[in-house]
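Asker: This is entry_10.pdb (PDB, C-alpha atoms).
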ATOM      1  CA  MET A  22      77.007  24.876 -41.156
ATOM      2  CA  THR A  23      76.184  21.923 -43.315
ATOM      3  CA  ALA A  24      78.996  19.555 -44.142
ATOM      4  CA  VAL A  25      79.072  18.124 -47.632
ATOM      5  CA  PHE A  26      80.720  14.745 -48.075
ATOM      6  CA  ASP A  27      81.797  13.527 -51.469
ATOM      7  CA  PRO A  28      80.569  10.008 -52.119
ATOM      8  CA  ALA A  29      83.217   7.329 -52.223
ATOM      9  CA  PRO A  30      84.605   6.924 -55.740
ATOM     10  CA  THR A  31      83.348   3.999 -57.746
ATOM     11  CA  PRO A  32      84.995   2.096 -60.605
ATOM     12  CA  PRO A  33      84.135   3.245 -64.155
ATOM     13  CA  GLY A  34      80.935   1.562 -65.301
ATOM     14  CA  GLU A  35      82.125   1.163 -68.891
ATOM     15  CA  ILE A  36      85.179  -0.817 -67.809
ATOM     16  CA  LEU A  37      83.136  -3.020 -65.482
ATOM     17  CA  ALA A  38      80.621  -3.724 -68.243
ATOM     18  CA  LEU A  39      83.367  -4.943 -70.568
ATOM     19  CA  LEU A  40      85.096  -6.986 -67.885
ATOM     20  CA  SER A  41      81.824  -8.627 -66.871
ATOM     21  CA  LEU A  42      81.618 -10.195 -70.326
ATOM     22  CA  LEU A  43      85.035 -11.775 -69.913
ATOM     23  CA  CYS A  44      85.322 -12.564 -66.200
ATOM     24  CA  PRO A  45      82.478 -11.618 -63.828
ATOM     25  CA  GLU A  46      84.498 -12.714 -60.796
ATOM     26  CA  VAL A  47      87.114 -10.055 -61.526
ATOM     27  CA  VAL A  48      84.360  -7.435 -61.594
ATOM     28  CA  ARG A  49      83.187  -8.504 -58.140
ATOM     29  CA  ASP A  50      86.747  -8.324 -56.822
ATOM     30  CA  ILE A  51      87.195  -4.813 -58.212
ATOM     31  CA  GLU A  52      83.865  -3.571 -56.870
ATOM     32  CA  GLN A  53      84.546  -4.947 -53.386
ATOM     33  CA  ASN A  54      88.097  -3.608 -53.198
ATOM     34  CA  TRP A  55      87.969  -0.409 -55.244
ATOM     35  CA  ASN A  56      88.548   1.874 -52.248
ATOM     36  CA  ALA A  57      90.860  -0.506 -50.390
ATOM     37  CA  PRO A  58      94.659  -0.197 -50.356
ATOM     38  CA  VAL A  59      96.373  -1.990 -53.215
ATOM     39  CA  SER A  60      97.980  -4.353 -50.713
ATOM     40  CA  ASP A  61      94.520  -5.443 -49.491
ATOM     41  CA  TYR A  62      93.398  -6.115 -53.055
ATOM     42  CA  ALA A  63      96.583  -8.056 -53.795
ATOM     43  CA  ARG A  64      96.121 -10.110 -50.619
ATOM     44  CA  HIS A  65      92.528 -10.874 -51.629
ATOM     45  CA  LEU A  66      93.645 -12.206 -55.012
ATOM     46  CA  TRP A  67      95.686 -14.878 -53.224
ATOM     47  CA  ARG A  68      92.863 -16.023 -50.951
ATOM     48  CA  PRO A  69      92.736 -19.764 -50.118
ATOM     49  CA  VAL A  70      90.363 -21.975 -52.094
ATOM     50  CA  ALA A  71      88.963 -25.451 -51.509
ATOM     51  CA  ARG A  72      91.124 -28.342 -52.619
ATOM     52  CA  PRO A  73      89.971 -30.533 -55.547
ATOM     53  CA  ALA A  74      87.295 -33.006 -54.506
ATOM     54  CA  SER A  75      86.415 -35.126 -57.551
ATOM     55  CA  GLY A  76      88.631 -37.925 -58.843
ATOM     56  CA  PRO A  77      89.517 -36.250 -62.178
ATOM     57  CA  ALA A  78      90.202 -32.918 -60.449
ATOM     58  CA  ILE A  79      92.488 -34.555 -57.878
ATOM     59  CA  ALA A  80      94.361 -36.364 -60.663
ATOM     60  CA  ALA A  81      94.707 -33.122 -62.631
ATOM     61  CA  ARG A  82      96.134 -31.315 -59.603
ATOM     62  CA  SER A  83      98.580 -34.184 -59.077
ATOM     63  CA  ILE A  84      99.849 -33.843 -62.651
ATOM     64  CA  LEU A  85     100.265 -30.097 -62.207
ATOM     65  CA  ARG A  86     102.205 -30.628 -58.983
ATOM     66  CA  GLU A  87     104.525 -33.085 -60.726
ATOM     67  CA  VAL A  88     105.471 -30.715 -63.534
ATOM     68  CA  LEU A  89     105.819 -27.790 -61.121
ATOM     69  CA  HIS A  90     108.061 -29.966 -58.940
ATOM     70  CA  GLN A  91     110.326 -30.577 -61.935
ATOM     71  CA  ARG A  92     110.581 -26.841 -62.591
ATOM     72  CA  LEU A  93     111.289 -26.031 -58.940
ATOM     73  CA  GLY A  94     113.963 -28.718 -58.865
ATOM     74  CA  VAL A  95     116.079 -26.574 -61.187
ATOM     75  CA  ILE A  96     116.217 -23.590 -58.820
ATOM     76  CA  MET A  97     115.412 -24.821 -55.275
ATOM     77  CA  GLN A  98     116.572 -27.193 -52.589
ATOM     78  CA  PRO A  99     114.237 -30.104 -51.694
ATOM     79  CA  GLU A 100     112.916 -28.553 -48.469
ATOM     80  CA  ALA A 101     112.094 -25.290 -50.252
ATOM     81  CA  ILE A 102     110.313 -27.226 -53.008
ATOM     82  CA  GLY A 103     108.090 -28.978 -50.483
ATOM     83  CA  LYS A 104     107.178 -25.692 -48.819
ATOM     84  CA  ALA A 105     106.354 -23.960 -52.114
ATOM     85  CA  LEU A 106     104.141 -26.826 -53.292
ATOM     86  CA  GLU A 107     102.297 -27.013 -49.963
ATOM     87  CA  GLU A 108     101.616 -23.270 -50.173
ATOM     88  CA  PHE A 109     100.363 -23.781 -53.717
ATOM     89  CA  GLU A 110      97.865 -26.391 -52.486
ATOM     90  CA  HIS A 111      96.215 -23.762 -50.283
ATOM     91  CA  ARG A 112      96.584 -20.838 -52.680
ATOM     92  CA  PRO A 113      96.791 -22.315 -56.202
ATOM     93  CA  VAL A 114      97.411 -19.021 -57.986
ATOM     94  CA  ILE A 115      99.433 -18.645 -61.184
ATOM     95  CA  GLN A 116     100.072 -15.101 -62.397
ATOM     96  CA  SER A 117      99.192 -15.404 -66.070
ATOM     97  CA  GLY A 118      99.428 -11.753 -67.084
ATOM     98  CA  LEU A 119     103.153 -11.739 -67.822
ATOM     99  CA  HIS A 120     104.291 -11.100 -71.367
ATOM    100  CA  CYS A 121     107.351 -12.896 -72.706
ATOM    101  CA  LEU A 122     109.459  -9.806 -72.145
ATOM    102  CA  LEU A 123     112.147  -8.622 -69.784
ATOM    103  CA  LEU A 124     110.850  -7.263 -66.490
ATOM    104  CA  MET A 125     112.321  -3.903 -67.480
ATOM    105  CA  ASP A 126     109.224  -3.575 -69.660
ATOM    106  CA  ARG A 127     106.805  -1.410 -67.654
ATOM    107  CA  ILE A 128     103.576  -3.365 -68.224
ATOM    108  CA  THR A 129     105.299  -6.680 -67.551
ATOM    109  CA  PHE A 130     106.879  -5.288 -64.387
ATOM    110  CA  ASP A 131     103.545  -3.929 -63.123
ATOM    111  CA  ALA A 132     101.886  -7.321 -63.629
ATOM    112  CA  LEU A 133     104.641  -9.063 -61.692
ATOM    113  CA  LEU A 134     104.605  -6.419 -58.957
ATOM    114  CA  LEU A 135     100.912  -6.960 -58.152
ATOM    115  CA  ALA A 136     101.417 -10.723 -57.945
ATOM    116  CA  TRP A 137     104.550 -10.288 -55.824
ATOM    117  CA  LEU A 138     102.713  -7.931 -53.457
ATOM    118  CA  GLY A 139      99.900 -10.448 -52.971
ATOM    119  CA  ALA A 140     102.394 -13.237 -52.345
ATOM    120  CA  VAL A 141     104.270 -11.142 -49.768
ATOM    121  CA  GLU A 142     101.038 -10.130 -48.018
ATOM    122  CA  ASN A 143     100.198 -13.810 -47.623
ATOM    123  CA  GLY A 144     103.684 -14.770 -46.453
ATOM    124  CA  LEU A 145     104.427 -17.080 -49.381
ATOM    125  CA  SER A 146     107.950 -18.282 -50.027
ATOM    126  CA  ALA A 147     107.441 -18.441 -53.811
ATOM    127  CA  PHE A 148     104.833 -17.951 -56.516
ATOM    128  CA  PHE A 149     104.447 -18.910 -60.160
ATOM    129  CA  GLY A 150     104.333 -16.517 -63.103
ATOM    130  CA  PHE A 151     103.303 -17.843 -66.521
ATOM    131  CA  MET A 152     104.893 -16.231 -69.576
ATOM    132  CA  GLY A 153     103.341 -16.840 -72.973
ATOM    133  CA  THR A 154     106.153 -17.869 -75.327
ATOM    134  CA  THR A 155     104.389 -18.999 -78.505
ATOM    135  CA  MET A 156     104.299 -15.442 -79.839
ATOM    136  CA  THR A 157     106.710 -14.353 -82.541
ATOM    137  CA  MET A 158     109.843 -12.471 -81.557
ATOM    138  CA  GLU A 159     108.306  -9.317 -83.015
ATOM    139  CA  THR A 160     104.550  -8.913 -82.679
ATOM    140  CA  VAL A 161     103.978  -5.440 -84.145
ATOM    141  CA  GLY A 162     106.453  -2.723 -85.109
ATOM    142  CA  ARG A 163     109.513  -3.159 -82.887
ATOM    143  CA  GLU A 164     107.568  -4.742 -80.053
ATOM    144  CA  GLY A 165     107.721  -8.248 -78.651
ATOM    145  CA  PRO A 166     110.262 -10.579 -77.011
ATOM    146  CA  GLY A 167     113.041  -9.605 -79.417
ATOM    147  CA  TRP A 168     112.967  -5.934 -78.420
ATOM    148  CA  LEU A 169     113.875  -4.049 -75.244
ATOM    149  CA  ASP A 170     112.086  -0.726 -74.716
ATOM    150  CA  ILE A 171     114.388   1.605 -72.773
ATOM    151  CA  GLY A 172     112.146   4.662 -73.027
ATOM    152  CA  ASP A 173     113.660   6.861 -75.702
ATOM    153  CA  ASP A 174     114.638   3.990 -77.950
ATOM    154  CA  LYS A 175     114.225   0.268 -78.516
ATOM    155  CA  VAL A 176     117.104  -2.192 -78.614
ATOM    156  CA  ASN A 177     117.167  -5.323 -80.754
ATOM    157  CA  LEU A 178     117.827  -7.585 -77.765
ATOM    158  CA  PHE A 179     119.387 -10.546 -79.584
ATOM    159  CA  GLY A 180     120.515  -8.841 -82.790
ATOM    160  CA  MET A 181     118.135 -10.825 -85.022
ATOM    161  CA  GLY A 182     117.186  -9.599 -88.474
ATOM    162  CA  ARG A 183     113.661  -8.233 -88.799
ATOM    163  CA  HIS A 184     112.601 -11.062 -91.128
ATOM    164  CA  LYS A 185     113.530 -13.604 -88.442
ATOM    165  CA  LEU A 186     111.958 -11.600 -85.627
ATOM    166  CA  CYS A 187     108.627 -11.547 -87.439
ATOM    167  CA  ARG A 188     108.639 -15.281 -88.196
ATOM    168  CA  LYS A 189     110.266 -17.163 -85.314
ATOM    169  CA  SER A 190     108.507 -17.985 -82.040
ATOM    170  CA  ALA A 191     110.137 -17.142 -78.714
ATOM    171  CA  CYS A 192     109.766 -20.687 -77.368
ATOM    172  CA  VAL A 193     111.966 -22.178 -80.104
ATOM    173  CA  ALA A 194     113.992 -19.326 -81.642
ATOM    174  CA  GLY A 195     117.612 -20.055 -80.905
ATOM    175  CA  PRO A 196     120.318 -20.463 -79.945
ATOM    176  CA  VAL A 197     120.581 -16.774 -79.016
ATOM    177  CA  SER A 198     122.957 -14.447 -77.208
ATOM    178  CA  LEU A 199     122.569 -10.836 -76.148
ATOM    179  CA  ASN A 200     123.227  -8.021 -78.598
ATOM    180  CA  LYS A 201     126.236  -6.829 -76.611
ATOM    181  CA  ARG A 202     127.162  -3.915 -78.851
ATOM    182  CA  ALA A 203     123.658  -2.411 -78.853
ATOM    183  CA  LEU A 204     123.245  -2.778 -75.078
ATOM    184  CA  GLU A 205     126.659  -1.250 -74.367
ATOM    185  CA  ALA A 206     125.819   1.680 -76.637
ATOM    186  CA  VAL A 207     122.791   2.650 -74.544
ATOM    187  CA  ALA A 208     124.090   1.596 -71.104
ATOM    188  CA  ASP A 209     125.628   5.006 -70.349
ATOM    189  CA  GLU A 210     122.771   7.039 -71.805
ATOM    190  CA  THR A 211     119.759   5.843 -69.840
ATOM    191  CA  ASP A 212     118.405   5.755 -66.290
ATOM    192  CA  ALA A 213     118.194   1.984 -66.669
ATOM    193  CA  SER A 214     121.988   1.643 -66.823
ATOM    194  CA  ARG A 215     122.074  -0.280 -63.519
ATOM    195  CA  TRP A 216     119.723  -2.930 -64.849
ATOM    196  CA  LEU A 217     121.450  -3.000 -68.222
ATOM    197  CA  GLY A 218     124.585  -3.887 -66.285
ATOM    198  CA  THR A 219     122.750  -6.922 -64.914
ATOM    199  CA  LEU A 220     121.982  -7.981 -68.475
ATOM    200  CA  LEU A 221     125.523  -7.373 -69.692
ATOM    201  CA  ALA A 222     126.815  -9.738 -67.020
ATOM    202  CA  SER A 223     125.354 -12.458 -69.285
ATOM    203  CA  GLN A 224     126.729 -11.007 -72.513
ATOM    204  CA  ASP A 225     128.902 -14.033 -73.278
ATOM    205  CA  LYS A 226     126.262 -16.664 -72.536
ATOM    206  CA  VAL A 227     124.544 -18.652 -75.269
ATOM    207  CA  PHE A 228     120.936 -19.620 -74.517
ATOM    208  CA  GLY A 229     119.113 -22.506 -76.124
ATOM    209  CA  THR A 230     116.075 -20.405 -77.011
ATOM    210  CA  ALA A 231     114.897 -16.832 -76.614
ATOM    211  CA  ALA A 232     112.446 -18.033 -73.954
ATOM    212  CA  ASP A 233     115.337 -19.596 -72.013
ATOM    213  CA  ALA A 234     117.230 -16.316 -72.253
ATOM    214  CA  LEU A 235     114.324 -14.177 -71.055
ATOM    215  CA  THR A 236     113.637 -16.532 -68.143
ATOM    216  CA  ALA A 237     117.276 -16.560 -67.020
ATOM    217  CA  LEU A 238     117.685 -12.801 -67.419
ATOM    218  CA  ASN A 239     114.473 -12.098 -65.507
ATOM    219  CA  GLU A 240     115.709 -14.344 -62.701
ATOM    220  CA  ASP A 241     118.923 -12.294 -62.612
ATOM    221  CA  LEU A 242     116.957  -9.032 -62.521
ATOM    222  CA  VAL A 243     114.784 -10.258 -59.640
ATOM    223  CA  ALA A 244     117.861 -11.386 -57.716
ATOM    224  CA  ASN A 245     119.321  -7.885 -58.033
ATOM    225  CA  TRP A 246     116.092  -6.036 -57.288
ATOM    226  CA  ASP A 247     115.006  -7.995 -54.224
ATOM    227  CA  ARG A 248     117.475  -9.629 -51.872
ATOM    228  CA  SER A 249     114.925 -10.345 -49.130
ATOM    229  CA  GLY A 250     114.355 -13.932 -50.214
ATOM    230  CA  MET A 251     110.583 -13.489 -49.814
ATOM    231  CA  ALA A 252     108.032 -14.518 -52.427
ATOM    232  CA  LEU A 253     110.473 -15.740 -55.071
ATOM    233  CA  PRO A 254     108.913 -15.535 -58.554
ATOM    234  CA  VAL A 255     109.201 -18.825 -60.450
ATOM    235  CA  PHE A 256     108.811 -18.307 -64.198
ATOM    236  CA  ILE A 257     107.013 -20.999 -66.187
ATOM    237  CA  ASP A 258     105.760 -20.978 -69.769
ATOM    238  CA  ASP A 259     103.981 -22.901 -72.529
ATOM    239  CA  ARG A 260     106.551 -25.679 -72.451
ATOM    240  CA  LEU A 261     105.557 -26.610 -68.914
ATOM    241  CA  ALA A 262     101.905 -26.453 -69.966
ATOM    242  CA  ALA A 263     102.703 -28.793 -72.865
ATOM    243  CA  ALA A 264     104.401 -31.220 -70.465
ATOM    244  CA  ALA A 265     101.297 -31.216 -68.262
ATOM    245  CA  MET A 266      99.097 -31.763 -71.320
ATOM    246  CA  ALA A 267     101.216 -34.723 -72.424
ATOM    247  CA  ARG A 268     100.897 -36.289 -68.978
ATOM    248  CA  HIS A 269      97.116 -35.925 -69.165
ATOM    249  CA  LEU A 270      96.942 -37.590 -72.555
ATOM    250  CA  GLU A 271      98.894 -40.612 -71.296
ATOM    251  CA  TYR A 272      95.785 -41.652 -69.335
ATOM    252  CA  ASP A 273      92.441 -42.345 -70.969
ATOM    253  CA  GLY A 274      90.598 -41.392 -67.801
ATOM    254  CA  SER A 275      92.229 -37.999 -67.320
ATOM    255  CA  LEU A 276      90.148 -34.848 -67.458
ATOM    256  CA  LEU A 277      91.602 -33.630 -70.762
ATOM    257  CA  SER A 278      91.508 -37.061 -72.407
ATOM    258  CA  ARG A 279      87.821 -37.375 -71.591
ATOM    259  CA  LEU A 280      87.125 -33.879 -72.890
ATOM    260  CA  LEU A 281      88.754 -34.699 -76.210
ATOM    261  CA  THR A 282      87.691 -38.310 -76.761
ATOM    262  CA  GLU A 283      84.238 -38.745 -75.208
ATOM    263  CA  PRO A 284      81.704 -37.543 -77.821
ATOM    264  CA  ALA A 285      79.282 -35.859 -75.416
ATOM    265  CA  ARG A 286      82.022 -34.039 -73.516
ATOM    266  CA  ARG A 287      83.788 -32.989 -76.697
ATOM    267  CA  GLN A 288      80.530 -31.694 -78.138
ATOM    268  CA  ARG A 289      79.998 -29.539 -75.059
ATOM    269  CA  LEU A 290      83.585 -28.297 -75.306
ATOM    270  CA  GLU A 291      83.175 -27.370 -78.967
ATOM    271  CA  HIS A 292      79.881 -25.637 -78.229
ATOM    272  CA  ALA A 293      81.506 -23.595 -75.453
ATOM    273  CA  LEU A 294      84.385 -22.632 -77.749
ATOM    274  CA  GLN A 295      81.981 -21.596 -80.501
ATOM    275  CA  GLU A 296      80.053 -19.428 -78.066
ATOM    276  CA  ALA A 297      83.254 -17.817 -76.834
ATOM    277  CA  ALA A 298      84.499 -17.261 -80.391
ATOM    278  CA  SER A 299      81.283 -15.456 -81.317
ATOM    279  CA  GLY A 300      81.486 -13.202 -78.261
ATOM    280  CA  PRO A 301      83.140  -9.802 -77.902
ATOM    281  CA  PHE A 302      86.548 -11.333 -77.149
ATOM    282  CA  GLY A 303      86.423 -14.004 -79.845
ATOM    283  CA  ARG A 304      89.346 -12.523 -81.751
ATOM    284  CA  PHE A 305      91.649 -13.669 -78.957
ATOM    285  CA  LEU A 306      90.727 -17.319 -79.572
ATOM    286  CA  PRO A 307      92.611 -19.027 -82.420
ATOM    287  CA  ASN A 308      90.118 -21.164 -84.316
ATOM    288  CA  ALA A 309      92.309 -22.656 -87.030
ATOM    289  CA  THR A 310      93.357 -25.732 -85.053
ATOM    290  CA  ASP A 311      91.883 -28.777 -83.344
ATOM    291  CA  TYR A 312      93.153 -27.750 -79.889
ATOM    292  CA  PHE A 313      96.850 -28.307 -80.639
ATOM    293  CA  TRP A 314      99.822 -26.462 -82.110
ATOM    294  CA  GLY A 315     103.082 -27.926 -83.366
ATOM    295  CA  ILE A 316     106.574 -26.555 -83.909
ATOM    296  CA  ARG A 317     108.632 -26.761 -87.092
ATOM    297  CA  GLU A 318     111.589 -24.646 -88.219
ATOM    298  CA  GLU A 319     111.374 -22.451 -85.108
ATOM    299  CA  ARG A 320     107.770 -21.496 -85.822
ATOM    300  CA  VAL A 321     104.480 -22.466 -84.198
ATOM    301  CA  ARG A 322     102.222 -24.280 -86.690
ATOM    302  CA  LYS A 323      98.523 -25.048 -86.571
ATOM    303  CA  LEU A 324      97.476 -28.698 -86.349
ATOM    304  CA  VAL A 325      94.220 -30.415 -87.249
ATOM    305  CA  LEU A 326      92.851 -33.885 -86.560
ATOM    306  CA  GLU A 327      92.635 -36.147 -89.608
ATOM    307  CA  ASN A 328      91.797 -39.844 -89.312
ATOM    308  CA  GLY A 329      92.704 -39.766 -85.644
ATOM    309  CA  HIS A 330      96.116 -38.167 -86.220
ATOM    310  CA  LEU A 331      97.316 -34.632 -85.622
ATOM    311  CA  ILE A 332      98.756 -33.242 -88.847
ATOM    312  CA  GLU A 333      99.902 -29.927 -90.197
ATOM    313  CA  PRO A 334      97.573 -28.965 -93.084
ATOM    314  CA  ASP A 335      99.008 -29.062 -96.590
ATOM    315  CA  ARG A 336     101.955 -31.261 -95.593
ATOM    316  CA  PRO A 337     101.765 -34.809 -96.972
ATOM    317  CA  HIS A 338     103.417 -36.396 -93.940
ATOM    318  CA  GLY A 339     101.922 -34.158 -91.276
ATOM    319  CA  LEU A 340     104.081 -32.457 -88.691
ATOM    320  CA  SER A 341     107.742 -33.400 -89.026
TER     321      SER A 341
END
Show the structure stored in the file as structure tokens.

Answerer:
Amino acid sequence: MTAVFDPAPTPPGEILALLSLLCPEVVRDIEQNWNAPVSDYARHLWRPVARPASGPAIAARSILREVLHQRLGVIMQPEAIGKALEEFEHRPVIQSGLHCLLLMDRITFDALLLAWLGAVENGLSAFFGFMGTTMTMETVGREGPGWLDIGDDKVNLFGMGRHKLCRKSACVAGPVSLNKRALEAVADETDASRWLGTLLASQDKVFGTAADALTALNEDLVANWDRSGMALPVFIDDRLAAAAMARHLEYDGSLLSRLLTEPARRQRLEHALQEAASGPFGRFLPNATDYFWGIREERVRKLVLENGHLIEPDRPHGLS
């Protein structure tokens, strides 16, 4: 009798070809771990890397640590902060796939789950998840930070009118409070009633912005889902990135300052951006600004450099 063995499955070539254009390293990770347990793949994603060696890189890491320390100071005791930052030095991973949505959203939950699994496999006490918050409250039809998908229906999470949802950005839209009446109406009619109860515990709170609300509510959801105290997710967003950017620009010798102000470096940066914009994923790169965005009237606005100043086009006094 001749035994016939099926070859080990391989990842789809079409998907790998597309991913290789965007991030070849991800393709290598997938190829090497395709037949491994998900936990092994998650552990691999958190593998240690060498610490920064050059002066600018060391300074950049120091700035990042400072702003992360400020964020951790809101939710942790000093000894826990020190441990989390030391772990980050060895495994400087930030989960950047999170949407600015509640973790009850399936795709957002799956992204967090993979990061959490990798953090647990490596015995981390905490890990960072970056949520993009410069998007509008509604991106396309009844989707985005202002909506909660509960399966059979979608709830207007903060009770905003559609004209506001389509115009205001999550990072500055506010103050907001939960749409208590809409959430109560669906709480008894869905399998997610337990988690809706977690949300309704905050029904009387007023949050400064929608991003603040989503961060706080996600922290509440995590606290109810996982009481082990392992691998605590720490949610950060564009506002922390802006704080880090501002710190960089305070010093002429910082990595970002040199990229923007030294002609040769800036030319290489612009060339790289042009190449990326002309590639297959160019539509994801906004090209209407000179590297910066501003905020006015709860909306994100494009900025351009004019005579050495950042201004909002078509406004006589720039960004107010």

Asker: Applied to this file, what does the PyMOL selection byres ((chain A and resi 163-178) around 9) return in terms of residues, put as a PyMOL selection string?

Answerer: chain A and resi 120-123+125-127+154+156-162+179-183+186+191+198-201+203-204+207+211-213+231-232+235

Asker: Smallest atom-to-atom distance to A:Pro113: which of A:Glu100, A:Trp55, A:Ala132, A:Phe149, using only C-alpha atoms?

Answerer: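 Closest to A:Pro113 of all the choices is A:Phe149.
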
Asker: Which residues are close to A:Phe305, i.e. within 12 Å by all atoms listed in the file, leaving aside same-chain residues fewer than 6 positions away? Reply as a PyMOL selection string.

Answerer: chain A and resi 43+294+297-299

Asker: Between A:Pro196, A:Pro99, A:Pro284, A:Gly218, which residue has the minimum interatomic distance to A:Ala234, considering all atoms listed in the file?

Answerer: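 Ranking A:Pro196, A:Pro99, A:Pro284, A:Gly218 by distance to A:Ala234, first place goes to A:Pro196.
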
Asker: I'd like the contact shell of A:Val255 - 9 Å cut-off, only C-alpha atoms, skipping same-chain residues fewer than 4 positions apart - returned as a list in words.

Answerer: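 Answer for this query is Arg92, Leu93, Ile96, Ala147, Phe148, Phe149, Gly150, Phe151 and Glu240 of chain A.
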
Asker: Of the candidates A:Ser275, A:Gln91, A:Ser117, A:Thr31, which shows the shortest atom-to-atom distance to A:Ala78, using all atoms listed in the file?

Answerer: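 Among the listed residues, A:Ser275 lies closest to A:Ala78.
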
Asker: Choose the residue, out of A:Ala237, A:Ile84, A:Ala140, A:Val114, that has the smallest atom-to-atom separation from A:Leu253; count all atoms listed in the file.

Answerer: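 Of A:Ala237, A:Ile84, A:Ala140, A:Val114, the one nearest A:Leu253 is A:Ala140, counting all atoms listed in the file.
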
Asker: Grab the atom CA of A:Asp258 to atom CA of A:Gly153 distance for me, in Å with one decimal place.

Answerer: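 Going from atom CA of A:Asp258 over to atom CA of A:Gly153, I get 5.8 Å.
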
Asker: Translate the PyMOL selection byres ((chain A and resi 248-251) around 8) into a concrete residue list for this structure, as a CSV table (one decimal) with C-alpha atoms, in the frame of the given file.

Answerer:
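Ended up saving to selection.csv:
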chain,number,residue,atom,x,y,z
A,141,VAL,CA,104.3,-11.1,-49.8
A,144,GLY,CA,103.7,-14.8,-46.5
A,145,LEU,CA,104.4,-17.1,-49.4
A,146,SER,CA,108.0,-18.3,-50.0
A,147,ALA,CA,107.4,-18.4,-53.8
A,244,ALA,CA,117.9,-11.4,-57.7
A,245,ASN,CA,119.3,-7.9,-58.0
A,246,TRP,CA,116.1,-6.0,-57.3
A,247,ASP,CA,115.0,-8.0,-54.2
A,252,ALA,CA,108.0,-14.5,-52.4
A,253,LEU,CA,110.5,-15.7,-55.1

Asker: Report as an MDAnalysis selection string the full result of the PyMOL selection byres ((chain A and resi 226) around 9) when it is applied to this structure.

Answerer: chainID A and resid 197:199 222:225 227:228

Asker: Which is closer to A:Ala136 than all the others in A:Arg215, A:Arg64, A:Lys323, A:Arg202, using only C-alpha atoms?

Answerer: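 The shortest atom-to-atom distance to A:Ala136 comes from A:Arg64.
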
Asker: Here is a test: counting only C-alpha atoms, which residue of A:Leu119, A:Pro73, A:Gln288, A:Glu108 is nearest to A:Leu134?

Answerer: A:Leu119

Asker: Could you list, as a list in words, every residue within 8 Å of A:Gly139, counting only C-alpha atoms and ignoring same-chain residues fewer than 5 positions away?

Answerer: Ser60, Tyr62, Ala63, Arg64, His65, Leu66 and Trp67 of chain A

Asker: Those same residues - C-alpha atoms - I'd like them written as a compact mmCIF listing (two decimals), in the frame of the given file.

Answerer:
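The resulting file, part09.txt, is reproduced below:
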# COMPACT_ATOMS: atom_id res chain seq x y z
CA SER A 60 97.98 -4.35 -50.71
CA TYR A 62 93.40 -6.12 -53.06
CA ALA A 63 96.58 -8.06 -53.80
CA ARG A 64 96.12 -10.11 -50.62
CA HIS A 65 92.53 -10.87 -51.63
CA LEU A 66 93.64 -12.21 -55.01
CA TRP A 67 95.69 -14.88 -53.22

Asker: Once you add 5 Å to each side, what are the centre and edge lengths of the axis-aligned box holding all listed atoms of stretch 76-91 of chain A? One decimal in Å, as JSON, if you can.

Answerer:
{"center_x": 99.5, "center_y": -32.9, "center_z": -60.7, "size_x": 31.7, "size_y": 20.1, "size_z": 15.7}

Asker: Which distance in Å separates atom CA of A:Lys189 and atom CA of A:Arg320, to one decimal?

Answerer: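 So the two atoms, atom CA of A:Lys189 and atom CA of A:Arg320, lie 5.0 Å apart.
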
Asker: State, in Å with one decimal place, the distance from atom CA of A:Arg72 to atom CA of A:Leu276.

Answerer: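 Rounded to one decimal, the two atoms are 16.2 Å apart.
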
Asker: Compute the distance from (93.9, -37.6, -74.6) to each atom, counting all atoms listed in the file, keep the residues with any atom at most 12 Å away, and return them as a PyMOL selection string; use the coordinates of the file.

Answerer: chain A and resi 265-283+287+312-313+329-331

Asker: Excluding A:Ser41 and any residue of its chain fewer than 6 positions from it, enumerate the residues within 12 Å of it, using only C-alpha atoms, and give them as a list of chain:residue names.

Answerer: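 Non-adjacent residues within range: A:Gly34, A:Glu35, A:Val47, A:Val48, A:Arg49, A:Asp50, A:Ile51, A:Glu52, A:Pro301, A:Phe302.
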
Asker: Residues at most 8 Å from A:Asp259, counting all atoms listed in the file, excluding those fewer than 2 positions away in the same chain, as a list in words?

Answerer: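 Counting all atoms listed in the file, the residues come to Phe151, Met152, Gly153, Thr154, Thr155, Cys192, Ile257, Leu261, Ala262 and Ala263 of chain A.
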
Asker: Where atoms are missing, can you supply N, CA and C atoms for stretch 312-318 of chain A and output the lot as an mmCIF file, keeping the file's coordinate frame?

Answerer:
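Final file, result_18.cif:
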data_model
loop_
_atom_site.group_PDB
_atom_site.id
_atom_site.type_symbol
_atom_site.label_atom_id
_atom_site.label_comp_id
_atom_site.auth_asym_id
_atom_site.auth_seq_id
_atom_site.Cartn_x
_atom_site.Cartn_y
_atom_site.Cartn_z
ATOM 1 N N TYR A 312 92.662 -27.815 -81.272
ATOM 2 C CA TYR A 312 93.153 -27.750 -79.889
ATOM 3 C C TYR A 312 94.671 -27.797 -79.745
ATOM 4 N N PHE A 313 95.407 -28.115 -80.798
ATOM 5 C CA PHE A 313 96.850 -28.307 -80.639
ATOM 6 C C PHE A 313 97.635 -27.466 -81.647
ATOM 7 N N TRP A 314 98.867 -27.121 -81.236
ATOM 8 C CA TRP A 314 99.822 -26.462 -82.110
ATOM 9 C C TRP A 314 101.088 -27.310 -82.149
ATOM 10 N N GLY A 315 101.807 -27.229 -83.257
ATOM 11 C CA GLY A 315 103.082 -27.926 -83.366
ATOM 12 C C GLY A 315 104.192 -26.930 -83.634
ATOM 13 N N ILE A 316 105.423 -27.419 -83.671
ATOM 14 C CA ILE A 316 106.574 -26.555 -83.909
ATOM 15 C C ILE A 316 107.420 -27.161 -85.018
ATOM 16 N N ARG A 317 107.746 -26.349 -86.003
ATOM 17 C CA ARG A 317 108.632 -26.761 -87.092
ATOM 18 C C ARG A 317 109.407 -25.535 -87.553
ATOM 19 N N GLU A 318 110.713 -25.713 -87.735
ATOM 20 C CA GLU A 318 111.589 -24.646 -88.219
ATOM 21 C C GLU A 318 111.430 -23.369 -87.391
#
